[in-house]
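Here is the file target.pdb (PDB, C-alpha atoms).
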ATOM      1  CA  MET A   1     -43.089 -10.015 -26.098
ATOM      2  CA  LYS A   2     -40.174 -11.613 -27.956
ATOM      3  CA  LYS A   3     -38.061  -8.480 -27.372
ATOM      4  CA  LEU A   4     -38.775  -8.544 -23.638
ATOM      5  CA  LEU A   5     -37.870 -12.223 -23.411
ATOM      6  CA  LEU A   6     -34.632 -11.611 -25.323
ATOM      7  CA  ILE A   7     -33.701  -8.760 -23.003
ATOM      8  CA  LEU A   8     -34.409 -10.870 -19.931
ATOM      9  CA  LEU A   9     -32.328 -13.720 -21.285
ATOM     10  CA  CYS A  10     -29.411 -11.378 -21.902
ATOM     11  CA  LEU A  11     -29.397  -9.778 -18.455
ATOM     12  CA  PRO A  12     -27.418 -12.505 -16.660
ATOM     13  CA  ILE A  13     -24.745 -12.328 -19.348
ATOM     14  CA  ILE A  14     -24.129  -8.617 -18.808
ATOM     15  CA  GLY A  15     -22.339  -9.154 -15.491
ATOM     16  CA  PHE A  16     -20.575 -12.340 -16.480
ATOM     17  CA  GLY A  17     -16.819 -11.972 -16.621
ATOM     18  CA  GLN A  18     -16.778  -8.410 -15.355
ATOM     19  CA  ASN A  19     -14.155  -7.906 -12.775
ATOM     20  CA  GLU A  20     -15.088  -6.885  -9.256
ATOM     21  CA  SER A  21     -13.380  -3.523  -9.467
ATOM     22  CA  GLU A  22     -14.808  -2.381 -12.760
ATOM     23  CA  TYR A  23     -15.959   0.860 -11.229
ATOM     24  CA  VAL A  24     -12.363   2.018 -10.783
ATOM     25  CA  GLU A  25     -12.431   4.921 -13.169
ATOM     26  CA  ILE A  26      -9.196   4.418 -15.062
ATOM     27  CA  GLU A  27      -9.195   7.893 -16.606
ATOM     28  CA  GLY A  28     -10.166   9.475 -13.292
ATOM     29  CA  MET A  29      -7.484   7.554 -11.425
ATOM     30  CA  LEU A  30      -4.803   8.525 -13.946
ATOM     31  CA  ASP A  31      -5.948  12.151 -14.063
ATOM     32  CA  ALA A  32      -5.956  12.401 -10.268
ATOM     33  CA  HIS A  33      -2.411  11.019  -9.996
ATOM     34  CA  ASN A  34      -1.158  13.102 -12.897
ATOM     35  CA  ILE A  35      -2.508  16.380 -11.499
ATOM     36  CA  TYR A  36      -0.110  16.062  -8.569
ATOM     37  CA  ARG A  37       2.737  14.984 -10.839
ATOM     38  CA  SER A  38       2.159  17.871 -13.250
ATOM     39  CA  GLU A  39       2.353  20.369 -10.359
ATOM     40  CA  LEU A  40       6.008  19.330 -10.094
ATOM     41  CA  GLY A  41       6.767  18.866 -13.801
ATOM     42  CA  ILE A  42       6.920  15.074 -13.519
ATOM     43  CA  ASN A  43       5.962  12.833 -16.450
ATOM     44  CA  LYS A  44       2.450  11.412 -16.441
ATOM     45  CA  LEU A  45       1.761   7.877 -15.270
ATOM     46  CA  LYS A  46       0.289   5.305 -17.643
ATOM     47  CA  TRP A  47      -2.293   2.677 -16.733
ATOM     48  CA  SER A  48      -1.132  -0.913 -16.344
ATOM     49  CA  ASP A  49      -3.630  -3.758 -16.565
ATOM     50  CA  GLU A  50      -0.996  -6.051 -15.054
ATOM     51  CA  LEU A  51      -0.676  -3.831 -11.983
ATOM     52  CA  ALA A  52      -4.472  -3.502 -11.739
ATOM     53  CA  THR A  53      -4.842  -7.284 -11.829
ATOM     54  CA  ASN A  54      -2.205  -7.682  -9.145
ATOM     55  CA  ALA A  55      -3.859  -4.954  -7.035
ATOM     56  CA  LEU A  56      -7.184  -6.790  -7.356
ATOM     57  CA  ILE A  57      -5.620 -10.015  -6.082
ATOM     58  CA  TRP A  58      -4.467  -8.219  -2.931
ATOM     59  CA  ALA A  59      -7.768  -6.331  -2.564
ATOM     60  CA  LYS A  60      -9.639  -9.661  -2.615
ATOM     61  CA  ILE A  61      -7.333 -11.059   0.078
ATOM     62  CA  LEU A  62      -8.014  -7.986   2.237
ATOM     63  CA  LYS A  63     -11.727  -8.404   1.540
ATOM     64  CA  LYS A  64     -11.681 -11.918   3.032
ATOM     65  CA  LYS A  65     -10.540 -10.455   6.357
ATOM     66  CA  CYS A  66     -12.825  -7.419   6.005
ATOM     67  CA  SER A  67     -11.138  -5.751   8.971
ATOM     68  CA  ASN A  68     -11.021  -2.085   9.937
ATOM     69  CA  SER A  69      -7.301  -1.882   9.224
ATOM     70  CA  LEU A  70      -5.283  -2.551   6.113
ATOM     71  CA  LYS A  71      -1.977  -4.313   5.674
ATOM     72  CA  HIS A  72       0.376  -3.913   2.748
ATOM     73  CA  SER A  73       0.901  -6.959   0.602
ATOM     74  CA  SER A  74       3.914  -9.162   1.173
ATOM     75  CA  LYS A  75       6.698  -9.488  -1.384
ATOM     76  CA  LYS A  76       4.993 -12.633  -2.638
ATOM     77  CA  TYR A  77       1.938 -10.642  -3.705
ATOM     78  CA  ARG A  78       3.491  -7.272  -4.427
ATOM     79  CA  LYS A  79       6.068  -8.563  -6.915
ATOM     80  CA  GLY A  80       8.358  -5.593  -6.314
ATOM     81  CA  TYR A  81       5.685  -2.937  -6.939
ATOM     82  CA  GLY A  82       4.991   0.114  -4.811
ATOM     83  CA  GLU A  83       1.597   0.209  -3.120
ATOM     84  CA  ASN A  84      -0.934   2.648  -1.683
ATOM     85  CA  LEU A  85      -3.980   1.470   0.281
ATOM     86  CA  ALA A  86      -7.175   3.208   1.367
ATOM     87  CA  LEU A  87     -10.231   2.156   3.347
ATOM     88  CA  TYR A  88     -13.542   4.005   3.185
ATOM     89  CA  TYR A  89     -16.480   3.410   5.541
ATOM     90  CA  ASP A  90     -20.103   4.113   4.652
ATOM     91  CA  LYS A  91     -19.089   5.992   1.523
ATOM     92  CA  VAL A  92     -18.762   5.206  -2.140
ATOM     93  CA  ALA A  93     -15.495   6.921  -2.968
ATOM     94  CA  LYS A  94     -14.406   7.880  -6.446
ATOM     95  CA  SER A  95     -10.890   7.699  -7.850
ATOM     96  CA  TYR A  96     -10.309  11.403  -7.215
ATOM     97  CA  ASP A  97     -11.384  11.040  -3.580
ATOM     98  CA  VAL A  98      -8.828   8.314  -2.980
ATOM     99  CA  VAL A  99      -5.882  10.052  -4.638
ATOM    100  CA  ASP A 100      -6.788  13.390  -3.032
ATOM    101  CA  TYR A 101      -6.865  11.620   0.339
ATOM    102  CA  TRP A 102      -3.342  10.267  -0.175
ATOM    103  CA  ALA A 103      -2.191  13.655  -1.432
ATOM    104  CA  THR A 104      -3.264  15.412   1.787
ATOM    105  CA  GLU A 105       0.090  14.137   3.043
ATOM    106  CA  LYS A 106       1.824  16.772   0.930
ATOM    107  CA  GLU A 107       1.435  19.000   4.008
ATOM    108  CA  CYS A 108       4.111  16.792   5.589
ATOM    109  CA  PHE A 109       6.449  17.100   2.594
ATOM    110  CA  ASP A 110       9.338  19.579   2.405
ATOM    111  CA  PHE A 111       9.580  20.729  -1.201
ATOM    112  CA  LYS A 112      13.065  22.218  -0.644
ATOM    113  CA  THR A 113      14.643  18.982   0.582
ATOM    114  CA  LYS A 114      12.209  16.792  -1.403
ATOM    115  CA  LYS A 115      11.695  14.610   1.654
ATOM    116  CA  CYS A 116       9.074  14.039   4.310
ATOM    117  CA  ILE A 117       9.369  16.524   7.169
ATOM    118  CA  ASN A 118       9.346  13.772   9.829
ATOM    119  CA  ASN A 119      12.146  11.496   8.576
ATOM    120  CA  ASN A 120      10.171   9.823   5.787
ATOM    121  CA  PHE A 121       7.148   9.366   8.018
ATOM    122  CA  GLY A 122       3.726  10.762   7.291
ATOM    123  CA  CYS A 123       3.883  11.365   3.561
ATOM    124  CA  GLY A 124       4.705   8.017   1.957
ATOM    125  CA  HIS A 125       1.420   7.834   0.030
ATOM    126  CA  TYR A 126       2.056  11.263  -1.452
ATOM    127  CA  THR A 127       5.694  10.537  -2.312
ATOM    128  CA  GLN A 128       4.644   7.346  -4.120
ATOM    129  CA  ILE A 129       2.266   9.429  -6.243
ATOM    130  CA  ILE A 130       5.028  11.894  -7.172
ATOM    131  CA  TRP A 131       7.981   9.475  -7.358
ATOM    132  CA  ARG A 132       9.785  10.537 -10.545
ATOM    133  CA  ASP A 133      10.929   7.094 -11.663
ATOM    134  CA  THR A 134       7.449   5.555 -11.357
ATOM    135  CA  LYS A 135       5.934   5.132 -14.831
ATOM    136  CA  GLU A 136       2.795   2.994 -14.359
ATOM    137  CA  VAL A 137      -0.092   2.551 -11.962
ATOM    138  CA  GLY A 138      -2.894  -0.002 -11.691
ATOM    139  CA  CYS A 139      -5.668   0.052  -9.107
ATOM    140  CA  ALA A 140      -8.545  -2.024  -7.812
ATOM    141  CA  VAL A 141     -11.403  -1.544  -5.392
ATOM    142  CA  VAL A 142     -13.615  -4.105  -3.681
ATOM    143  CA  GLN A 143     -16.659  -3.763  -1.469
ATOM    144  CA  CYS A 144     -16.653  -5.475   1.917
ATOM    145  CA  GLU A 145     -19.766  -5.001   4.050
ATOM    146  CA  ASP A 146     -19.999  -1.206   4.481
ATOM    147  CA  LYS A 147     -16.381  -0.626   3.429
ATOM    148  CA  GLN A 148     -14.485   0.016   0.223
ATOM    149  CA  ILE A 149     -10.924  -1.288   0.017
ATOM    150  CA  TRP A 150      -8.715   0.482  -2.522
ATOM    151  CA  VAL A 151      -5.329  -0.809  -3.673
ATOM    152  CA  CYS A 152      -3.036   0.933  -6.165
ATOM    153  CA  GLN A 153       0.281  -0.546  -7.232
ATOM    154  CA  TYR A 154       3.127   1.300  -8.919
ATOM    155  CA  SER A 155       6.013   0.351 -11.177
ATOM    156  CA  PRO A 156       8.799   0.952 -10.655
ATOM    157  CA  PRO A 157       8.144   1.449  -6.951
ATOM    158  CA  GLY A 158       9.103   4.588  -5.054
ATOM    159  CA  ASN A 159       9.928   5.642  -1.538
ATOM    160  CA  TYR A 160      13.549   4.570  -1.407
ATOM    161  CA  VAL A 161      15.236   5.995   1.684
ATOM    162  CA  GLY A 162      17.970   8.439   0.757
ATOM    163  CA  LYS A 163      16.774   9.014  -2.806
ATOM    164  CA  GLU A 164      15.067  12.134  -4.075
ATOM    165  CA  THR A 165      11.409  11.814  -4.933
ATOM    166  CA  TYR A 166      11.591  13.950  -8.067
TER
END
Take the structure in the file and give it back as structure tokens.
Amino acid sequence: MKKLLLILLCLPIIGFGQNESEYVEIEGMLDAHNIYRSELGINKLKWSDELATNALIWAKILKKKCSNSLKHSSKKYRKGYGENLALYYDKVAKSYDVVDYWATEKECFDFKTKKCINNNFGCGHYTQIIWRDTKEVGCAVVQCEDKQIWVCQYSPPGNYVGKETY
């Protein structure tokens, strides 16, 4: 009986202080990004808690609106980082799902010119994943009604017009 009481008393503490996006699989998120980078011989990204914290701030702001469309963070919130966003309905996505979704844009990427086929339109999520100068990533996810809002931020940012991706 004492053991049961002790367990019940400890239960509320388990969730205390855990951040809302704890189920972002850090290893999975890094592995998913780095698979696409390794295909091109680009150095692996490292995880950044600072970027993840900043991504969570923006994810929580998007959660307040809980709309069916996403908007990139302003300079005030982005702090000069690159950013990829995803919105999932009626599905619990995993890190690999999100990165693979962004990477479907590689169909719109010309590997000879190292640019998007349609004048830098249609593959910006993919090019941020493979941007050579990017070294770190941090991501967050929040639940809003039947939706998941995913935010990843990158440092240094990518997608500079006129510069090669890798």
Centre and edges of the range 136-152 of chain A box, axis-aligned, 4 Å extra per side, as JSON:
{"center_x": -8.6, "center_y": -1.2, "center_z": -4.9, "size_x": 30.8, "size_y": 16.5, "size_z": 26.8}
Apply the PyMOL selection byres ((chain A and resi 57-66) around 8) to the structure shown and report the selected residues as a list in words.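 Going through the file, the PyMOL selection byres ((chain A and resi 57-66) around 8) ends up selecting Thr53, Asn54, Ala55, Leu56, Ser67, Asn68, Leu70, Lys71, Ser73, Tyr77, Ala140, Val141, Val142, Gln143, Cys144, Glu145, Ile149, Trp150 and Val151 of chain A.
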Choose the residue, out of A:Lys46, A:Thr165, A:Glu136, A:Gln148, that has the smallest atom-to-atom separation from Phe109 in chain A; count only C-alpha atoms.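 Closest to Phe109 in chain A, using only C-alpha atoms: A:Thr165.
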Name the residues that the PyMOL selection byres ((chain A and resi 32) around 9) picks from the file above, as JSON, numbers by chain, using the file's chain letters and numbers. {"A": [27, 28, 29, 30, 31, 33, 34, 35, 36, 95, 96, 97, 98, 99, 100]}
Tell me which residues the PyMOL selection byres ((chain A and resi 152) around 8) grabs here, as a PyMOL selection string. chain A and resi 51-52+55+83-85+137-140+150-151+153-154
So how far away is CA of Thr134 in chain A from CA of Leu45 in chain A, in Å?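 A separation of 7.3 Å between them.
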Residue with the minimum atom-to-atom distance to Trp102 in chain A, picked from A:Asn43, A:Ser38, A:Gln128, A:Ser69 with all atoms listed in the file counted, is A:Gln128
Hey, can you check how far CA of Arg37 in chain A sits from CA of Thr113 in chain A? 17.0 Å
What does the structure give for the distance between CA of Glu164 in chain A and CA of Lys114 in chain A, in Å to one decimal? 6.1 Å
